[in-house]
Structure formats: C-alpha cells, structure tokens
Amino acid sequence: MAIENGTFIRLSYTGNVDGRTFDTTDEDTAREAGIFSPEAGYGPVSIRVGSYHVIVGLDEALEGKDVGEEGEVVVPPDKAFGDHDPERVESFHKNSFKEKPKKGMTIKVPDKGEGTVVDVIGNRVIIDFNHPLAGKTLSYSYSIEGIVEGAEEQMKGLIRLYAGRDLDVSLDSGVLTIRLPPGITYDRRWLLWRSRIIHEGFEYIPEIKEIILLETFKRPEEGEESSPAE
C-alpha cells in the first residue's frame with residue numbers, strides 16, 4: 001500500500017553534504033562520521049508524512065512510496081535550508097564579545113541571533129547568520145521501516161520527535177494522559193516543545209479529544225532524600 005499524505009511512519013535516514021554525513025538516525029553511522037551525540041536517541045523516527053517533520057525535500061519524496069522501500073533523494077537548497085543570503089553576513093568589532101571569537105565558533109549576538117564566525121581579520125569579526133547548510137544541495141538515503149498505528153503510538157512518536165523523551169501515554173474514551181516524570185519542568189527541550197506536541201496531537205490524531213499532563217510524586221522511603229530535579 002502506497003504511503004499517503006498524513007500517514008504516520010517510522011523512518012530511518014542519513015543526510016550527506018559535500019561528501020560528509022551531517023545527520024543520521026543510525027548510531028554506527030554517526031560514530032563513523034564523528035557526529036555521535038549521547039543525547040541523540042538513535043533509531044527510526046516516527047513522523048507524519050506531509051507535516052515536514054523532516055526536511056521538505058525528503059518529506060515530499062516519501063509520499064507514494066511503500067513500506068519497506070529504500071531510496072535516495074537529492075534535495076536542492078530551496079527545499080532544504082534555503083539559499084545563502086550575503087546580507088546576513090556581518091562584521092563586528094572584536095571588543096564586542098566577552099569571549100575571544102575564533103573561526104568556526106557558534107556565537108550569539110543580541111538582536112541578531114546565532115551565527116557562525118567565518119573569519120577574524122584584525123579587530124573585525126565576520127559572522128554568518130545563515131544556517132550552516134544554507135545554499136547547499138543535500139542528499140539523503142532513507143528506509144521506510146513501517147506504519148505507526150494507533151493514537152497512543154502516534155503521540156509517543158511526536159513526543160520523542162520533539163522532546164527526545166519516551167513517556168508513558170494512555171488513551172481512554174478520547175482522553176489521552178501523558179505521565180510526566182519528576183523533574184521534567186527543568187527540561188528546557190520539553191518546555192520549549194510541549195505546546196507544539198499538544199497542538200499536533202489534536203490536529204493530527206482525531207481520536208484525541210482531551211489531553212492530560214499528569215505529574216506524580218511519591219513520598220520518599222525513610223532514609224532517602226528527594227530533590228525537585230530528581
């Protein structure tokens with residue numbers, strides 16, 4: 001059965017640019033490429049086709065494919081990170097920064113955002129505020145591992161995709177309960193994406209009529225210490 005727009009799937013992929021891997025769902029590939037991160041949570045990701053949970057050019061290539069299919073796609077800049085805008089490359093005086101700027105460093109500039117130091121010339125620091133892959137043509141290899149069925153599994157996929165967490169989820173009579181571990185209020189990634197997860201849960205999973213975020217605390221055993229960030 002061909003995958004349609006709006007289908008939740010499990011997807012494995014690896015992205016390359018200029019002969020190097022910059023993104024992958026495979027741990028071994030990440031290690032070989034020198035981009036491994038302990039916080040990444042490797043393995044197939046759950047996405048909804050057509051919702052741009054992955055880069056536009058890759059997302060568009062998935063519609064009409066079959067489960068188990070493997071393929072490759074070349075993604076031009078306009079369906080990746082956009083064209084490189086020379087007006088977003090700016091010069092600043094070196095004394096504007098507390099830390100000594102070095103070429104290749106990622107740096108934040110007030111009212112400008114985050115950019116990459118592309119050169120240091122005398123007392124001037126050249127910073128590029130384009131995405132590092134802007135203007136680049138990318139290539140992806142991918143494998144469609146399966147269909148994600150059921151509201152609970154689909155919601156778990158959204159949580160993992162945005163928050164990088166595996167949370168306990170249950171659905172009963174249209175009420176979806178997400179059980180939160182102690183200390184999650186200190187998790188910046190969860191706080192940043194919580195509203196998006198809830199919004200997409202309602203928008204993309206029609207079985208969900210109500211969402212409850214349930215945070216439970218247990219009295220510590222005698223001799224144990226409790227911590228708000230535990």
# chains A, B, ... in the order shown; residues from 1 in each chain; ligands from 1

$ residues_around --residues "A:Arg165" --least-positions-apart "2" --cutoff "9 Å" --atoms "only C-alpha atoms" --output "compact mmCIF listing (two decimals) with all heavy atoms, in the first residue's frame"
# COMPACT_ATOMS: atom_id res chain seq x y z
N GLY A 41 19.51 9.81 20.88
CA GLY A 41 18.45 8.81 20.84
C GLY A 41 18.29 8.21 19.46
O GLY A 41 17.33 8.50 18.75
N LYS A 156 3.26 9.06 21.15
CA LYS A 156 4.61 8.77 21.64
C LYS A 156 5.66 9.20 20.62
O LYS A 156 6.73 9.70 20.98
CB LYS A 156 4.75 7.27 21.93
CG LYS A 156 4.04 6.79 23.18
CD LYS A 156 4.25 5.29 23.37
CE LYS A 156 3.55 4.77 24.59
NZ LYS A 156 3.75 3.30 24.77
N ILE A 159 6.13 12.96 20.79
CA ILE A 159 6.89 13.33 21.99
C ILE A 159 8.38 13.04 21.79
O ILE A 159 9.24 13.87 22.10
CB ILE A 159 6.35 12.57 23.22
CG1 ILE A 159 4.92 13.03 23.53
CG2 ILE A 159 7.26 12.80 24.43
CD1 ILE A 159 4.22 12.18 24.58
N ARG A 160 8.68 11.87 21.25
CA ARG A 160 10.08 11.51 21.00
C ARG A 160 10.70 12.45 19.96
O ARG A 160 11.84 12.88 20.10
CB ARG A 160 10.15 10.06 20.55
CG ARG A 160 11.41 9.64 19.82
CD ARG A 160 12.67 9.86 20.59
NE ARG A 160 12.79 9.02 21.76
CZ ARG A 160 13.88 9.00 22.54
NH1 ARG A 160 14.90 9.79 22.22
NH2 ARG A 160 13.92 8.25 23.60
N LEU A 161 9.94 12.78 18.92
CA LEU A 161 10.44 13.62 17.84
C LEU A 161 10.82 15.00 18.35
O LEU A 161 11.89 15.53 18.03
CB LEU A 161 9.38 13.75 16.75
CG LEU A 161 9.74 14.59 15.53
CD1 LEU A 161 10.79 13.90 14.68
CD2 LEU A 161 8.49 14.87 14.70
N TYR A 162 9.96 15.61 19.15
CA TYR A 162 10.18 16.98 19.59
C TYR A 162 10.96 17.08 20.90
O TYR A 162 11.85 17.92 21.04
CB TYR A 162 8.84 17.70 19.76
CG TYR A 162 8.20 18.10 18.46
CD1 TYR A 162 7.04 17.48 18.01
CD2 TYR A 162 8.75 19.11 17.66
CE1 TYR A 162 6.44 17.87 16.81
CE2 TYR A 162 8.17 19.48 16.47
CZ TYR A 162 7.01 18.86 16.05
OH TYR A 162 6.45 19.24 14.85
N ALA A 163 10.61 16.24 21.88
CA ALA A 163 11.19 16.37 23.22
C ALA A 163 12.32 15.39 23.48
O ALA A 163 13.02 15.53 24.49
CB ALA A 163 10.10 16.21 24.28
N LEU A 167 7.80 8.77 26.97
CA LEU A 167 6.89 8.96 28.09
C LEU A 167 5.75 7.96 28.03
O LEU A 167 5.37 7.49 26.95
CB LEU A 167 6.33 10.39 28.09
CG LEU A 167 7.36 11.51 28.22
CD1 LEU A 167 6.66 12.87 28.25
CD2 LEU A 167 8.23 11.34 29.47
N TRP A 190 11.67 19.96 26.69
CA TRP A 190 10.26 19.64 26.91
C TRP A 190 9.44 20.92 27.00
O TRP A 190 8.39 21.05 26.39
CB TRP A 190 10.10 18.80 28.17
CG TRP A 190 8.69 18.73 28.66
CD1 TRP A 190 8.14 19.37 29.73
CD2 TRP A 190 7.61 17.97 28.07
NE1 TRP A 190 6.81 19.08 29.86
CE2 TRP A 190 6.46 18.23 28.86
CE3 TRP A 190 7.51 17.12 26.98
CZ2 TRP A 190 5.22 17.64 28.57
CZ3 TRP A 190 6.28 16.55 26.70
CH2 TRP A 190 5.15 16.81 27.48

$ residues_around --residues "stretch 72-83 of chain A" --least-positions-apart "5" --cutoff "10 Å" --atoms "only C-alpha atoms" --output "list of chain:residue names"
A:Tyr13, A:Thr14, A:Gly15, A:Asn16, A:Val54, A:Ile55, A:Val56, A:Gly57, A:Leu58, A:Asp59, A:Glu60, A:Ala61, A:Leu62, A:Asn130, A:His131, A:Pro132, A:Leu133, A:Ala134, A:Gly135, A:Lys136, A:Thr137, A:Leu138, A:Ser139, A:Tyr140, A:Ser141, A:Tyr142, A:Ser143

$ residues_around --residues "A:Val45" --least-positions-apart "2" --cutoff "7 Å" --atoms "only C-alpha atoms" --output "PyMOL selection string"
chain A and resi 10-12+43+47+161

$ write_last_selection --atoms "N, CA and C atoms" --output "JSON list (two decimals), in the first residue's frame"
[["chain", "number", "residue", "atom", "x", "y", "z"],
["A", 10, "ARG", "N", 7.50, 5.07, 10.48],
["A", 10, "ARG", "CA", 8.82, 5.00, 11.12],
["A", 10, "ARG", "C", 9.86, 5.08, 10.01],
["A", 11, "LEU", "N", 10.79, 6.01, 10.17],
["A", 11, "LEU", "CA", 11.73, 6.33, 9.09],
["A", 11, "LEU", "C", 13.17, 6.32, 9.59],
["A", 12, "SER", "N", 14.04, 5.68, 8.82],
["A", 12, "SER", "CA", 15.48, 5.77, 9.05],
["A", 12, "SER", "C", 16.07, 6.58, 7.91],
["A", 43, "GLY", "N", 17.91, 5.55, 16.19],
["A", 43, "GLY", "CA", 16.90, 4.59, 15.79],
["A", 43, "GLY", "C", 15.88, 5.27, 14.91],
["A", 47, "ILE", "N", 7.33, 9.94, 12.17],
["A", 47, "ILE", "CA", 6.94, 11.23, 11.59],
["A", 47, "ILE", "C", 5.60, 11.09, 10.90],
["A", 161, "LEU", "N", 9.94, 12.78, 18.92],
["A", 161, "LEU", "CA", 10.44, 13.62, 17.84],
["A", 161, "LEU", "C", 10.82, 15.00, 18.35]]

$ atom_distance --atom1 "atom CA of A:Gly183" --atom2 "atom CA of A:Glu215"
9.4 Å

$ atom_distance --atom1 "atom CA of A:Pro206" --atom2 "atom CA of A:Arg179"
20.4 Å

$ atom_distance --atom1 "atom CA of A:Val118" --atom2 "atom CA of A:Gly104"
5.9 Å

$ select_by_dssp --residues "stretch 58-226 of chain A" --states "alpha helix (DSSP H)" --output "PyMOL selection string"
chain A and resi 58-62+151-163+188-204

$ decode --residues "stretch 54-70 of chain A" --atoms "N, CA, C and O atoms" --output "tab-separated table (two decimals), in the first residue's frame"
chain	number	residue	atom	x	y	z
A	54	VAL	N	10.49	16.18	8.82
A	54	VAL	CA	11.85	16.11	8.29
A	54	VAL	C	11.94	17.19	7.21
A	54	VAL	O	10.95	17.84	6.86
A	55	ILE	N	13.13	17.39	6.67
A	55	ILE	CA	13.36	18.45	5.70
A	55	ILE	C	12.41	18.29	4.50
A	55	ILE	O	12.05	17.17	4.11
A	56	VAL	N	11.99	19.42	3.94
A	56	VAL	CA	10.93	19.43	2.93
A	56	VAL	C	11.20	18.47	1.77
A	56	VAL	O	10.33	17.68	1.38
A	57	GLY	N	12.40	18.51	1.21
A	57	GLY	CA	12.71	17.67	0.06
A	57	GLY	C	12.62	16.19	0.36
A	57	GLY	O	12.19	15.39	-0.49
A	58	LEU	N	12.99	15.79	1.58
A	58	LEU	CA	12.88	14.39	1.98
A	58	LEU	C	11.42	14.04	2.23
A	58	LEU	O	10.94	12.98	1.81
A	59	ASP	N	10.71	14.91	2.92
A	59	ASP	CA	9.30	14.67	3.21
A	59	ASP	C	8.51	14.44	1.93
A	59	ASP	O	7.73	13.48	1.82
A	60	GLU	N	8.72	15.29	0.94
A	60	GLU	CA	7.97	15.17	-0.31
A	60	GLU	C	8.30	13.88	-1.06
A	60	GLU	O	7.46	13.35	-1.80
A	61	ALA	N	9.51	13.36	-0.87
A	61	ALA	CA	9.91	12.14	-1.57
A	61	ALA	C	9.24	10.90	-1.00
A	61	ALA	O	9.22	9.85	-1.67
A	62	LEU	N	8.68	10.99	0.21
A	62	LEU	CA	8.13	9.80	0.88
A	62	LEU	C	6.72	9.45	0.41
A	62	LEU	O	6.34	8.28	0.40
A	63	GLU	N	5.96	10.46	0.00
A	63	GLU	CA	4.58	10.20	-0.42
A	63	GLU	C	4.55	9.32	-1.66
A	63	GLU	O	5.28	9.53	-2.62
A	64	GLY	N	3.72	8.29	-1.61
A	64	GLY	CA	3.60	7.36	-2.73
A	64	GLY	C	4.52	6.16	-2.65
A	64	GLY	O	4.39	5.22	-3.44
A	65	LYS	N	5.46	6.19	-1.71
A	65	LYS	CA	6.37	5.05	-1.55
A	65	LYS	C	5.69	3.95	-0.74
A	65	LYS	O	4.62	4.15	-0.15
A	66	ASP	N	6.32	2.78	-0.69
A	66	ASP	CA	5.76	1.64	0.03
A	66	ASP	C	6.56	1.35	1.29
A	66	ASP	O	7.76	1.65	1.37
A	67	VAL	N	5.91	0.72	2.26
A	67	VAL	CA	6.59	0.28	3.47
A	67	VAL	C	7.69	-0.71	3.10
A	67	VAL	O	7.49	-1.60	2.27
A	68	GLY	N	8.86	-0.53	3.68
A	68	GLY	CA	10.00	-1.38	3.38
A	68	GLY	C	10.86	-0.85	2.25
A	68	GLY	O	11.96	-1.37	2.00
A	69	GLU	N	10.39	0.18	1.59
A	69	GLU	CA	11.13	0.72	0.45
A	69	GLU	C	12.33	1.54	0.93
A	69	GLU	O	12.25	2.28	1.92
A	70	GLU	N	13.42	1.42	0.21
A	70	GLU	CA	14.61	2.21	0.46
A	70	GLU	C	14.87	3.08	-0.76
A	70	GLU	O	14.54	2.70	-1.89
